Amino acid sequence: MTDTITISVDAMGGDNAPRAVIHGAYLALRERKNTRFIFHGRQEQIAPLLEEFPALKPASTIRHCDIVIAMDEKPSQALRKGKGVSSMWMAIQAVKDGEADVAISGGNTGALMAMATFCLRPMKGISRPGIAAIWPTLRSDIIVLDMGATIGADARQLVDYAILGSALARCLFDDESPSVGLLNVGTEEVKGLESIKEAGRILTEASGSGFTYHGFVEGDDIGKGTVDVVVTEGFVGNIALKTAEGTARQVAAYLRNALTATWLSKLGALLASSALNALRRKMDPRTVNGGVFMGLNGIVIKSHGGTDEVGYKSALSLAYEMARSKLIDKIGDTMQRFPVKVDSTQPEAETEAGSA
């Protein structure tokens, strides 16, 4: 990889595309001058937007694609319709062809996972890819995975997620032995599904192979930041993510209503404005936008489809850091250190991409 990081962008993916995408790229370029962009999508919509951001234009290339994947299309339908011709597929293809270091899309999550898996293929030794999210906590940011790629993961897939999550933590947190915990209904070894207990036994034996296994963690440990990496299967992970997002909005609404209820509370809010602004920034989901598709032979980032240019800039910054930190190499290194090979004896899990 050269000093320049090239990001392949599905410019048409997301509710506010392509404007939010192009504006977000401009904001990202201001912070990281050595970034280059390949925008895939409808040229007649992208080109005028680049004229609005002249500093972005020299760092950009447009690849015209007529086909755009809708947010409500089933993954199987999107794959048949968009393979080789859609803006989403071509963004991923650029990574496979070595033209770009990382791909990003704010489009349909299931379609993106299906296309990324079909185009890039899972890494050798990884049974199923997963989606990792950066999660703010009381201690610091942590990593939680899987966020919905695999429903009903078995022990082997949970161990895979521990390997993938610890590699991502090494990229983001500069920690050669991040702590890993398995999300469970209790911390006692006798609790939980058999797949979780089996994964716990394997990770206990492998602790020290690029990560430190903490043991089982509970739901409240996520917000505490008890470990650097929380591993769970996609059904639980996705519910946890949506619950946290809803709780953050609920707390923000409670706080806003309380601070505007009376003239005295309004005065208090004015006096505490700097602290409240800092809290607002901390709770802003746009600042941690971006899920990393883990376990593929290439890096793909999923931006929230409804985000604005600030959120898209955050996702592009994450894409840049994943490429710069050589995420794929770190995953390979962690897998080489791992001493245990897991043979799954449980039914094959269902992926979002494969279930449609």
# chains A, B, ... in the order shown; residues from 1 in each chain; ligands from 1
>>> residues_around(residues="A:Gly290", least_positions_apart="2", cutoff="6 Å", atoms="only C-alpha atoms", output="JSON, numbers by chain")
{"A": [302, 303, 315]}
>>> residues_around(residues="A:Asp3", least_positions_apart="5", cutoff="12 Å", atoms="only C-alpha atoms", output="CSV table (one decimal) with N, CA and C atoms, in the first residue's frame")
chain,number,residue,atom,x,y,z
A,32,ARG,N,-7.5,14.6,5.9
A,32,ARG,CA,-6.5,13.6,5.4
A,32,ARG,C,-6.3,13.9,3.9
A,33,LYS,N,-5.3,14.7,3.7
A,33,LYS,CA,-5.0,15.2,2.3
A,33,LYS,C,-4.5,14.1,1.4
A,34,ASN,N,-4.0,13.0,1.9
A,34,ASN,CA,-3.5,11.9,1.0
A,34,ASN,C,-4.6,10.9,0.7
A,35,THR,N,-5.8,11.3,0.7
A,35,THR,CA,-7.0,10.4,0.4
A,35,THR,C,-7.4,10.7,-1.1
A,36,ARG,N,-7.7,9.6,-1.8
A,36,ARG,CA,-8.2,9.7,-3.1
A,36,ARG,C,-9.5,8.9,-3.2
A,101,ASP,N,-8.1,0.7,-1.8
A,101,ASP,CA,-7.7,0.0,-0.5
A,101,ASP,C,-8.9,-0.4,0.3
A,320,TYR,N,-10.5,5.0,6.0
A,320,TYR,CA,-9.1,5.4,5.9
A,320,TYR,C,-8.2,4.7,6.9
A,323,ALA,N,-7.7,1.0,6.3
A,323,ALA,CA,-6.7,0.8,5.2
A,323,ALA,C,-5.3,1.1,5.7
A,324,ARG,N,-5.1,2.2,6.3
A,324,ARG,CA,-3.8,2.7,6.8
A,324,ARG,C,-3.2,1.7,7.8
A,325,SER,N,-4.0,1.1,8.6
A,325,SER,CA,-3.6,0.2,9.7
A,325,SER,C,-3.4,-1.2,9.2
>>> closest_atom_pairs(of="stretch 274-308 of chain A", to="stretch 64-87 of chain A", cutoff="12 Å", atoms="only C-alpha atoms", output="tab-separated table")
residue	atom	partner	partner_atom	distance
A:His304	CA	A:Met71	CA	11.5
A:Gly305	CA	A:Met71	CA	8.4
A:Gly306	CA	A:Met71	CA	10.6
>>> write_last_selection(atoms="N, CA and C atoms", output="PDB file, in the first residue's frame")
ATOM      1  N   HIS A 304     -24.208   4.258   7.910  1.00  0.00           N
ATOM      2  CA  HIS A 304     -25.638   4.334   8.168  1.00  0.00           C
ATOM      3  C   HIS A 304     -26.313   5.022   6.980  1.00  0.00           C
ATOM      4  N   GLY A 305     -27.380   4.412   6.492  1.00  0.00           N
ATOM      5  CA  GLY A 305     -28.026   4.919   5.281  1.00  0.00           C
ATOM      6  C   GLY A 305     -28.677   6.278   5.444  1.00  0.00           C
ATOM      7  N   GLY A 306     -29.099   6.609   6.663  1.00  0.00           N
ATOM      8  CA  GLY A 306     -29.811   7.869   6.867  1.00  0.00           C
ATOM      9  C   GLY A 306     -28.946   9.007   7.359  1.00  0.00           C
TER      10      GLY A 306
END
>>> closest_atom_pairs(of="stretch 170-289 of chain A", to="stretch 116-139 of chain A", cutoff="8 Å", atoms="only C-alpha atoms", output="CSV")
residue,atom,partner,partner_atom,distance
A:Ile222,CA,A:Thr137,CA,7.0
A:Gly223,CA,A:Thr137,CA,4.7
A:Lys224,CA,A:Leu138,CA,5.2
A:Gly225,CA,A:Thr137,CA,5.2
A:Thr226,CA,A:Arg139,CA,7.9
A:Gly234,CA,A:Gly130,CA,8.0
A:Val288,CA,A:Ile134,CA,6.3
A:Asn289,CA,A:Ile134,CA,8.0
>>> closest_residue(among="A:Lys266, A:Arg281, A:Lys191, A:Arg156", to="A:Glu233", atoms="only C-alpha atoms")
A:Arg156
>>> residues_around(residues="A:Glu309", least_positions_apart="2", cutoff="6 Å", atoms="only C-alpha atoms", output="PyMOL selection string")
chain A and resi 20+23-24+311-313
>>> write_last_selection(atoms="all heavy atoms", output="PDB file, in the first residue's frame")
ATOM      1  N   ALA A  20     -24.881  13.907   0.336  1.00  0.00           N
ATOM      2  CA  ALA A  20     -24.223  13.695   1.624  1.00  0.00           C
ATOM      3  C   ALA A  20     -22.901  12.953   1.447  1.00  0.00           C
ATOM      4  O   ALA A  20     -21.938  13.197   2.189  1.00  0.00           O
ATOM      5  CB  ALA A  20     -25.148  12.924   2.561  1.00  0.00           C
ATOM      6  N   HIS A  23     -20.306  15.557  -0.076  1.00  0.00           N
ATOM      7  CA  HIS A  23     -19.983  16.553   0.951  1.00  0.00           C
ATOM      8  C   HIS A  23     -19.140  15.909   2.055  1.00  0.00           C
ATOM      9  O   HIS A  23     -18.167  16.485   2.539  1.00  0.00           O
ATOM     10  CB  HIS A  23     -21.270  17.144   1.521  1.00  0.00           C
ATOM     11  CG  HIS A  23     -21.048  18.367   2.349  1.00  0.00           C
ATOM     12  ND1 HIS A  23     -22.089  19.156   2.807  1.00  0.00           N
ATOM     13  CD2 HIS A  23     -19.915  18.956   2.812  1.00  0.00           C
ATOM     14  CE1 HIS A  23     -21.598  20.157   3.511  1.00  0.00           C
ATOM     15  NE2 HIS A  23     -20.277  20.058   3.531  1.00  0.00           N
ATOM     16  N   GLY A  24     -19.514  14.685   2.457  1.00  0.00           N
ATOM     17  CA  GLY A  24     -18.742  13.982   3.475  1.00  0.00           C
ATOM     18  C   GLY A  24     -17.323  13.697   3.025  1.00  0.00           C
ATOM     19  O   GLY A  24     -16.374  13.787   3.822  1.00  0.00           O
ATOM     20  N   GLY A 311     -21.881  12.415   9.379  1.00  0.00           N
ATOM     21  CA  GLY A 311     -21.809  10.989   9.614  1.00  0.00           C
ATOM     22  C   GLY A 311     -21.035  10.275   8.531  1.00  0.00           C
ATOM     23  O   GLY A 311     -20.259   9.335   8.809  1.00  0.00           O
ATOM     24  N   TYR A 312     -21.213  10.696   7.286  1.00  0.00           N
ATOM     25  CA  TYR A 312     -20.495  10.038   6.198  1.00  0.00           C
ATOM     26  C   TYR A 312     -19.001  10.330   6.291  1.00  0.00           C
ATOM     27  O   TYR A 312     -18.175   9.468   5.992  1.00  0.00           O
ATOM     28  CB  TYR A 312     -21.044  10.477   4.847  1.00  0.00           C
ATOM     29  CG  TYR A 312     -20.980   9.369   3.829  1.00  0.00           C
ATOM     30  CD1 TYR A 312     -22.054   8.519   3.624  1.00  0.00           C
ATOM     31  CD2 TYR A 312     -19.815   9.133   3.108  1.00  0.00           C
ATOM     32  CE1 TYR A 312     -21.977   7.464   2.722  1.00  0.00           C
ATOM     33  CE2 TYR A 312     -19.726   8.093   2.208  1.00  0.00           C
ATOM     34  CZ  TYR A 312     -20.817   7.267   2.015  1.00  0.00           C
ATOM     35  OH  TYR A 312     -20.717   6.227   1.148  1.00  0.00           O
ATOM     36  N   LYS A 313     -18.672  11.524   6.713  1.00  0.00           N
ATOM     37  CA  LYS A 313     -17.255  11.850   6.921  1.00  0.00           C
ATOM     38  C   LYS A 313     -16.647  10.928   7.971  1.00  0.00           C
ATOM     39  O   LYS A 313     -15.507  10.458   7.826  1.00  0.00           O
ATOM     40  CB  LYS A 313     -17.127  13.307   7.330  1.00  0.00           C
ATOM     41  CG  LYS A 313     -15.712  13.740   7.702  1.00  0.00           C
ATOM     42  CD  LYS A 313     -15.608  13.956   9.187  1.00  0.00           C
ATOM     43  CE  LYS A 313     -14.258  14.459   9.599  1.00  0.00           C
ATOM     44  NZ  LYS A 313     -14.110  14.559  11.074  1.00  0.00           N
TER      45      LYS A 313
END
>>> residues_around(residues="A:Pro18", least_positions_apart="2", cutoff="12 Å", atoms="only C-alpha atoms", output="PyMOL selection string")
chain A and resi 9-16+20-25+39-50+68+87+105-107+305-309+312
>>> write_last_selection(atoms="C-alpha atoms", output="mmCIF file, in the first residue's frame")
data_model
loop_
_atom_site.group_PDB
_atom_site.id
_atom_site.type_symbol
_atom_site.label_atom_id
_atom_site.label_comp_id
_atom_site.auth_asym_id
_atom_site.auth_seq_id
_atom_site.Cartn_x
_atom_site.Cartn_y
_atom_site.Cartn_z
ATOM 1 C CA VAL A 9 -17.319 4.818 -2.828
ATOM 2 C CA ASP A 10 -20.838 3.728 -3.705
ATOM 3 C CA ALA A 11 -21.939 7.311 -4.276
ATOM 4 C CA MET A 12 -25.593 6.329 -4.697
ATOM 5 C CA GLY A 13 -25.962 4.350 -1.464
ATOM 6 C CA GLY A 14 -28.033 5.923 1.312
ATOM 7 C CA ASP A 15 -31.105 8.063 1.833
ATOM 8 C CA ASN A 16 -29.231 11.333 1.249
ATOM 9 C CA ALA A 20 -24.223 13.695 1.624
ATOM 10 C CA VAL A 21 -21.629 11.294 0.208
ATOM 11 C CA ILE A 22 -19.779 13.939 -1.800
ATOM 12 C CA HIS A 23 -19.983 16.553 0.951
ATOM 13 C CA GLY A 24 -18.742 13.982 3.475
ATOM 14 C CA ALA A 25 -15.810 13.130 1.223
ATOM 15 C CA PHE A 39 -17.080 7.514 -6.917
ATOM 16 C CA HIS A 40 -19.325 4.904 -8.515
ATOM 17 C CA GLY A 41 -22.754 6.046 -9.640
ATOM 18 C CA ARG A 42 -24.664 8.257 -12.010
ATOM 19 C CA GLN A 43 -22.245 10.772 -13.468
ATOM 20 C CA GLU A 44 -24.942 13.328 -14.215
ATOM 21 C CA GLN A 45 -25.663 13.546 -10.476
ATOM 22 C CA ILE A 46 -22.117 13.265 -9.146
ATOM 23 C CA ALA A 47 -20.273 15.646 -11.479
ATOM 24 C CA PRO A 48 -22.270 18.802 -10.571
ATOM 25 C CA LEU A 49 -21.685 18.099 -6.871
ATOM 26 C CA LEU A 50 -17.932 17.905 -7.396
ATOM 27 C CA VAL A 68 -28.575 1.602 -8.155
ATOM 28 C CA SER A 87 -22.666 1.242 -8.119
ATOM 29 C CA SER A 105 -21.488 2.203 0.939
ATOM 30 C CA GLY A 106 -24.464 3.617 2.809
ATOM 31 C CA GLY A 107 -26.836 1.383 0.889
ATOM 32 C CA GLY A 305 -28.026 4.919 5.281
ATOM 33 C CA GLY A 306 -29.811 7.869 6.867
ATOM 34 C CA THR A 307 -26.755 9.840 7.949
ATOM 35 C CA ASP A 308 -25.743 13.297 6.729
ATOM 36 C CA GLU A 309 -22.383 14.582 5.528
ATOM 37 C CA TYR A 312 -20.495 10.038 6.198
#
>>> select_by_dssp(residues="stretch 62-202 of chain A", states="helix (DSSP H, G or I)", output="PyMOL selection string")
chain A and resi 75-82+87-96+109-120+155-173+194-202
>>> atom_distance(atom1="atom CA of A:Ala206", atom2="atom CA of A:Gly237")
23.4 Å
>>> select_by_dssp(residues="stretch 210-282 of chain A", states="strand (DSSP E or B)", output="number ranges by chain")
A: 212-217, 229-231
>>> write_last_selection(atoms="C-alpha atoms", output="short mmCIF file (atom, residue, chain, number, x, y, z; two decimals), in the first residue's frame")
data_model
loop_
_atom_site.label_atom_id
_atom_site.label_comp_id
_atom_site.auth_asym_id
_atom_site.auth_seq_id
_atom_site.Cartn_x
_atom_site.Cartn_y
_atom_site.Cartn_z
CA THR A 212 -6.61 -11.69 26.35
CA TYR A 213 -9.81 -13.59 27.07
CA HIS A 214 -11.74 -11.92 29.89
CA GLY A 215 -14.63 -14.39 30.13
CA PHE A 216 -18.38 -13.87 29.94
CA VAL A 217 -19.76 -10.34 30.08
CA VAL A 229 -14.08 -6.46 22.28
CA VAL A 230 -17.56 -7.84 22.96
CA VAL A 231 -18.44 -10.93 20.93
#
>>> residues_around(residues="A:Glu99", least_positions_apart="5", cutoff="10 Å", atoms="only C-alpha atoms", output="number ranges by chain")
A: 6-8, 38, 91, 93-94
>>> atom_distance(atom1="atom CA of A:Ala253", atom2="atom CA of A:Leu145")
28.0 Å
